[in-house]
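Visitor: Pasting input12.cif here (mmCIF, C-alpha atoms):
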data_input
#
loop_
_atom_site.label_atom_id
_atom_site.label_comp_id
_atom_site.auth_asym_id
_atom_site.auth_seq_id
_atom_site.Cartn_x
_atom_site.Cartn_y
_atom_site.Cartn_z
CA MET S 1 110.68 78.17 77.39
CA PHE S 2 107.90 78.64 79.90
CA LEU S 3 104.24 77.84 79.18
CA TYR S 4 101.83 78.89 81.91
CA GLY S 5 98.35 77.38 82.23
CA LEU S 6 98.67 75.31 79.04
CA ARG S 7 95.36 73.62 78.24
CA VAL S 8 95.16 71.21 75.31
CA GLU S 9 92.04 69.56 73.88
CA GLU S 10 93.38 66.82 71.64
CA HIS S 11 90.90 63.94 71.56
CA GLN S 12 91.75 61.62 74.47
CA TYR S 13 94.85 63.66 75.30
CA THR S 14 93.03 66.62 76.84
CA PHE S 15 94.99 67.98 79.79
CA GLN S 16 96.02 71.17 81.59
CA THR S 17 99.23 72.02 83.38
CA ASP S 18 99.91 74.80 85.85
CA ASN S 19 103.43 75.33 84.54
CA LEU S 20 105.40 73.64 81.78
CA LEU S 21 109.09 74.45 81.39
CA LEU S 22 110.91 73.31 78.26
CA PHE S 23 114.63 72.74 78.74
CA PRO S 24 116.93 71.46 75.97
CA ASN S 25 117.50 68.22 77.89
CA PHE S 26 114.13 67.61 79.61
CA PHE S 27 110.62 68.98 80.10
CA LEU S 28 109.35 69.91 83.55
CA ILE S 29 105.72 69.91 84.67
CA ILE S 30 105.14 71.87 87.90
CA GLU S 31 101.84 71.23 89.68
CA VAL S 32 101.22 74.08 92.14
CA LYS S 33 99.28 73.75 95.40
CA ASN S 34 98.47 76.94 97.31
CA THR S 35 97.70 75.30 100.63
CA ALA S 36 98.83 76.56 104.03
CA GLY S 37 99.41 74.68 107.28
CA LEU S 38 101.12 71.44 108.17
CA ILE S 39 101.11 69.18 105.11
CA LYS S 40 101.93 65.49 105.56
CA TYR S 41 102.58 63.06 102.71
CA ASN S 42 103.19 59.32 102.93
CA THR S 43 105.18 57.99 99.98
CA ASP S 44 104.00 54.39 100.53
CA THR S 45 100.25 55.08 100.68
CA GLY S 46 100.10 58.29 98.64
CA VAL S 47 98.03 59.91 101.38
CA LEU S 48 98.30 63.69 101.49
CA LYS S 49 96.68 65.48 104.41
CA ARG S 50 96.63 68.87 106.04
CA ILE S 51 96.60 69.28 109.79
CA ASN S 52 94.61 72.39 110.71
CA ARG S 53 95.24 74.53 113.76
CA ASP S 54 92.26 73.01 115.52
CA ARG S 55 93.89 69.58 114.87
CA THR S 56 91.23 68.59 112.36
CA ILE S 57 92.50 66.73 109.30
CA LYS S 58 91.66 67.28 105.65
CA ARG S 59 92.70 64.62 103.18
CA TYR S 60 93.60 65.27 99.53
CA ASP S 61 94.11 63.07 96.51
CA ASP S 62 97.66 61.97 95.77
CA PRO S 63 99.03 64.94 93.75
CA PHE S 64 101.45 62.71 91.86
CA ILE S 65 98.62 60.77 90.22
CA GLN S 66 97.44 63.94 88.48
CA ALA S 67 101.02 64.89 87.60
CA ARG S 68 101.69 61.46 86.08
CA ILE S 69 98.52 61.65 84.01
CA GLN S 70 99.65 65.03 82.69
CA ARG S 71 103.05 63.58 81.86
CA TYR S 72 101.51 60.61 80.02
CA LYS S 73 99.18 62.80 77.95
CA LEU S 74 101.94 65.27 77.10
CA LYS S 75 104.10 62.37 75.95
CA LYS S 76 101.31 61.03 73.71
CA LEU S 77 100.65 64.50 72.33
CA LEU S 78 104.30 64.90 71.35
CA GLN S 79 104.29 61.48 69.72
CA THR S 80 101.15 62.16 67.70
CA SER S 81 102.71 65.46 66.58
CA ASN S 82 105.80 63.55 65.33
CA LEU S 83 108.03 65.29 67.86
CA THR S 84 110.89 63.73 69.78
CA VAL S 85 109.83 62.91 73.33
CA PRO S 86 112.41 64.00 75.93
CA PRO S 87 112.46 62.92 79.58
CA ILE S 88 109.41 64.52 81.23
CA HIS S 89 109.75 65.23 84.94
CA THR S 90 107.03 66.35 87.35
CA LEU S 91 107.22 68.46 90.50
CA VAL S 92 104.50 69.12 93.07
CA VAL S 93 105.14 72.53 94.63
CA PHE S 94 103.44 74.11 97.63
CA SER S 95 103.54 77.85 97.03
CA HIS S 96 101.94 79.21 100.22
CA ASN S 97 104.44 80.88 102.57
CA ASP S 98 102.82 79.19 105.59
CA ALA S 99 103.08 75.66 104.19
CA VAL S 100 105.16 73.22 106.24
CA LEU S 101 105.92 69.86 104.65
CA GLU S 102 106.46 66.59 106.47
CA ILE S 103 107.24 63.68 104.17
CA GLU S 104 107.20 60.07 105.36
CA GLY S 105 109.70 58.37 103.09
CA HIS S 106 111.80 59.79 100.24
CA GLN S 107 110.15 62.11 97.73
CA PRO S 108 112.42 64.87 96.35
CA ASP S 109 109.72 66.10 93.96
CA LEU S 110 107.36 67.33 96.67
CA ILE S 111 108.77 70.70 97.68
CA ILE S 112 108.03 74.26 98.74
CA SER S 113 108.42 76.95 96.09
CA GLN S 114 111.70 78.27 97.49
CA ARG S 115 113.30 74.93 96.62
CA ILE S 116 112.51 75.11 92.89
CA PRO S 117 115.90 76.55 91.72
CA TRP S 118 117.86 73.89 93.62
CA ARG S 119 115.66 71.08 92.36
CA ILE S 120 116.01 72.27 88.77
CA SER S 121 119.79 72.29 89.17
CA GLU S 122 119.63 68.69 90.37
CA LEU S 123 117.44 67.71 87.40
CA GLU S 124 119.84 69.32 84.95
CA GLN S 125 122.50 66.97 86.30
CA LYS S 126 120.10 64.02 86.19
CA TYR S 127 119.29 64.66 82.51
CA PRO S 128 122.62 65.81 81.01
CA THR S 129 121.90 64.78 77.40
CA THR S 130 120.72 67.57 75.10
CA GLN S 131 117.56 66.58 73.24
CA TYR S 132 116.81 69.77 71.32
CA SER S 133 118.58 72.73 69.79
CA SER S 134 117.29 76.21 70.61
CA ASP S 135 115.42 76.40 67.30
CA GLU S 136 113.81 72.99 67.86
CA LEU S 137 112.79 74.00 71.37
CA ILE S 138 111.14 77.16 70.06
CA LYS S 139 109.34 75.12 67.41
CA ILE S 140 107.94 72.69 70.01
CA GLY S 141 106.94 75.55 72.26
CA ASN S 142 105.02 77.19 69.42
CA VAL S 143 103.34 73.88 68.52
CA LEU S 144 102.10 73.50 72.09
CA LYS S 145 101.14 77.16 72.32
CA ASN S 146 99.06 76.90 69.16
CA LYS S 147 97.20 73.92 70.64
CA HIS S 148 96.27 75.92 73.75
CA LYS S 149 92.51 76.36 74.25
CA PRO S 150 91.43 78.49 77.22
CA ARG S 151 88.60 77.05 79.26
CA GLU S 152 85.38 78.97 78.68
CA VAL S 153 83.70 79.46 82.03
CA ASN S 154 80.35 81.20 82.49
CA LEU S 155 80.96 82.99 85.78
CA ILE S 156 77.28 83.86 86.15
CA GLU S 157 76.18 80.22 86.03
CA LYS S 158 79.18 78.96 88.01
CA ASN S 159 78.53 81.30 90.93
CA ASN S 160 74.71 81.30 90.61
CA ILE S 161 74.57 85.08 90.12
CA LYS S 162 71.36 86.69 88.89
CA ARG S 163 71.55 89.08 85.93
CA THR S 164 69.77 91.72 88.02
CA HIS S 165 72.75 91.70 90.40
CA ILE S 166 75.09 92.92 87.65
CA ARG S 167 75.30 96.70 87.46
CA ASN S 168 75.37 98.16 83.96
CA GLY S 169 77.79 100.92 83.01
CA VAL S 170 81.44 101.63 82.28
CA TRP S 171 83.57 101.91 85.40
CA CYS S 172 86.17 104.68 85.44
CA THR S 173 89.45 103.22 84.20
CA HIS S 174 91.38 105.60 86.48
CA CYS S 175 89.75 105.95 89.90
CA LYS S 176 87.43 102.93 89.51
CA LYS S 177 84.99 104.57 91.92
CA THR S 178 82.07 105.45 89.68
CA MET S 179 80.57 104.96 86.24
CA MET S 180 81.74 107.10 83.34
CA LYS S 181 79.47 109.07 81.02
CA ARG S 182 79.62 109.23 77.25
CA ILE S 183 80.31 112.86 76.24
CA ASN S 184 81.33 113.99 72.77
CA ARG S 185 82.62 110.61 71.58
CA ASN S 186 84.56 110.17 74.81
CA TRP S 187 84.03 108.60 78.21
CA GLN S 188 84.42 110.95 81.16
CA CYS S 189 84.33 110.23 84.88
CA PRO S 190 82.11 112.64 86.86
CA SER S 191 84.19 111.95 89.96
CA CYS S 192 87.84 112.42 88.89
CA GLN S 193 87.18 113.93 85.42
CA HIS S 194 89.37 111.30 83.78
CA LYS S 195 88.72 110.81 80.05
CA ASP S 196 89.17 107.57 78.14
CA PRO S 197 87.74 107.07 74.63
CA LYS S 198 88.24 103.29 74.88
CA ALA S 199 86.89 102.71 78.38
CA HIS S 200 83.98 100.68 76.98
CA LEU S 201 86.40 98.00 75.76
CA LYS S 202 87.18 97.02 79.35
CA ALA S 203 83.47 96.77 80.11
CA LEU S 204 82.95 94.54 77.08
CA GLU S 205 85.82 92.30 78.18
CA GLU S 206 84.07 91.88 81.53
CA TYR S 207 80.80 91.16 79.72
CA LYS S 208 82.53 88.39 77.76
CA LEU S 209 83.82 86.79 80.96
CA MET S 210 80.36 86.80 82.47
CA PHE S 211 78.01 86.14 79.55
CA GLY S 212 80.08 84.80 76.64
CA ASN S 213 81.59 86.25 73.47
CA LYS S 214 78.37 87.22 71.66
CA ILE S 215 76.57 90.53 72.12
CA THR S 216 74.24 92.59 69.95
CA ASN S 217 74.58 96.31 69.39
CA ASN S 218 71.52 96.97 71.53
CA GLU S 219 72.78 94.71 74.34
CA ALA S 220 76.12 96.53 74.29
CA ARG S 221 74.41 99.91 74.54
CA ILE S 222 72.33 98.72 77.49
CA PHE S 223 75.30 97.12 79.28
CA CYS S 224 77.51 100.20 78.81
CA LYS S 225 74.59 102.58 79.51
CA TYR S 226 75.51 104.35 76.30
CA GLN S 227 73.54 107.50 75.50
CA LYS S 228 74.27 109.86 72.63
CA THR S 229 74.85 113.49 73.55
#
Written as structure tokens, that's how I'd like the structure from this file.

Guide:
Amino acid sequence: MFLYGLRVEEHQYTFQTDNLLLFPNFFLIIEVKNTAGLIKYNTDTGVLKRINRDRTIKRYDDPFIQARIQRYKLKKLLQTSNLTVPPIHTLVVFSHNDAVLEIEGHQPDLIISQRIPWRISELEQKYPTTQYSSDELIKIGNVLKNKHKPREVNLIEKNNIKRTHIRNGVWCTHCKKTMMKRINRNWQCPSCQHKDPKAHLKALEEYKLMFGNKITNNEARIFCKYQKT
């Protein structure tokens, strides 16, 4: 089973993983880094740095510290849910095509994305003992899925955008070039003539992302520029 972007708020066990793969014999946390350039990692010091083209250096926190914290909290969450805790392995994966890794020391769990299938094959040999049946694995996956709580982010506040900068109206769901008009219980694009009776739903989804999940009837009419005809 594959859980993407799992975010759990469980008292002191709040955590988020980029990717969580549930195998019958082990669980795998994959922490993804989309960083390009020459990436150097020292296994003794935990120093991770990127060498830019102009030879400047940018240093990052040790990615394995975050991965280990995720592993610890996942383990505690399984225990508090009265579930068997399997071996939990962590990988740090650089997904950018232009990433070049140089590792000082031995660290097989710091890899580029193309190496994931081979590393998983190695881990399947490392953890040969089956911990769960298929039904049990599905049950655990559903337990974790039900605990997922998406992070609510106010994009307006986060990016310091003024309300006056947001254009009201329902964008055409076909050409996406202009705003649609409400005509005879339907939305119609004056540019491509596309009709979509549910086009306002997309606009309301965008409103939710920007302003939250509450809106009055009058606010919805203003945001969608709804006019009866």

Visitor: Enter the distance from atom CA of Ser113 of chain S to atom CA of Lys73 of chain S, in Å, rounded to one decimal.

Guide: 24.8 Å

Visitor: Tell me, in Å to one decimal, how far atom CA of Asn25 of chain S is from atom CA of Leu101 of chain S.

Guide: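 About the pair atom CA of Asn25 of chain S and atom CA of Leu101 of chain S: they are 29.2 Å apart.
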
Visitor: Using the chain letters and residue numbers of this document, give as a list in words the residues selected by the PyMOL selection byres ((chain S and resi 138-142) around 10).

Guide: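 With the PyMOL selection byres ((chain S and resi 138-142) around 10) on this model, the match is Met1, Phe2, Leu3, Leu20, Leu21, Leu22, Leu78, Ser81, Leu83, Thr84, Tyr132, Ser133, Ser134, Asp135, Glu136, Leu137, Val143, Leu144, Lys145, Asn146, Lys147 and His148 of chain S.
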
Visitor: One decimal, Å: what's the distance from atom CA of Ile222 of chain S over to atom CA of Met180 of chain S, could you say?

Guide: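 These two atoms are separated by 13.9 Å.
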
Visitor: Quick one: residues within 10 Å of Ile166 of chain S, all atoms listed in the file, excluding same-chain residues fewer than 3 positions away - as a ChimeraX atom specification?

Guide: /S:156,161-163,169,207,210,223

Visitor: Please, which residues are within 10 Å of (83.9, 94.5, 83.0) by the file's coordinates, counting all atoms listed in the file, and could they come as a list in words?

Guide: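 Those within range, by chain then number, are Arg167, Asn168, Gly169, Val170, Trp171, Ala199, His200, Leu201, Lys202, Ala203, Leu204, Glu205, Glu206, Tyr207, Lys208, Leu209, Met210, Phe223 and Cys224 of chain S.
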
Visitor: Pick the closest to Leu28 of chain S from S:Leu91, S:Ile215, S:Ile183, S:Ile116: which is it, counting all atoms listed in the file?

Guide: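 The shortest atom-to-atom distance to Leu28 of chain S comes from S:Leu91.
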
Visitor: Once the PyMOL selection byres ((chain S and resi 49-65) around 7) has been evaluated on this model, what residues remain selected, and can you format them as a ChimeraX atom specification?

Guide: /S:37-41,46-48,66-69,92

Visitor: Check what the PyMOL selection byres ((chain S and resi 5) around 7) selects in the file above and give those residues as a ChimeraX atom specification.

Guide: /S:3-4,6-7,16-19

Visitor: Using all atoms listed in the file, pick whichever of S:Ala99, S:Ile111, S:Val8, S:Met179 has the shortest atom-to-atom distance to Tyr226 of chain S.

Guide: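 Using all atoms listed in the file, Tyr226 of chain S sits closest to S:Met179.
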
Visitor: Which residues are close to Lys198 of chain S, i.e. within 10 Å by only C-alpha atoms, leaving aside same-chain residues fewer than 5 positions away? Reply as a PyMOL selection string.

Guide: chain S and resi 173+185-187+203

Visitor: Any chance you can output those residues with C-alpha atoms as a short mmCIF file (atom, residue, chain, number, x, y, z; two decimals), keeping the file's coordinate frame?

Guide:
data_model
loop_
_atom_site.label_atom_id
_atom_site.label_comp_id
_atom_site.auth_asym_id
_atom_site.auth_seq_id
_atom_site.Cartn_x
_atom_site.Cartn_y
_atom_site.Cartn_z
CA THR S 173 89.45 103.22 84.20
CA ARG S 185 82.62 110.61 71.58
CA ASN S 186 84.56 110.17 74.81
CA TRP S 187 84.03 108.60 78.21
CA ALA S 203 83.47 96.77 80.11
#

Visitor: Determine the nearest neighbour of Asp98 of chain S from the options S:Cys192, S:Ile112, S:Cys175, S:Val32, counting only C-alpha atoms.

Guide: S:Ile112

Visitor: Given the choices S:Leu123, S:Ala220, S:Ala36, S:Cys172, which gets closest to Phe94 of chain S if the distance is worked out from all atoms listed in the file?

Guide: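 Ranked by minimum distance to Phe94 of chain S, first place goes to S:Ala36.
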
Visitor: Nearest to Leu77 of chain S among S:Gln125, S:Thr14, S:Gln114, S:Ser95, with distances taken over all atoms listed in the file: which residue is it?

Guide: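 Residue with the minimum atom-to-atom distance to Leu77 of chain S: S:Thr14.
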
Visitor: Let me have the centre and edge lengths of the axis-aligned box enclosing all listed atoms of segment 163-171 of chain S with 5 Å padding on every side, in Å to one decimal, as AutoDock Vina command-line options.

Guide:
--center_x 76.7 --center_y 95.5 --center_z 86.3 --size_x 23.8 --size_y 22.8 --size_z 18.1
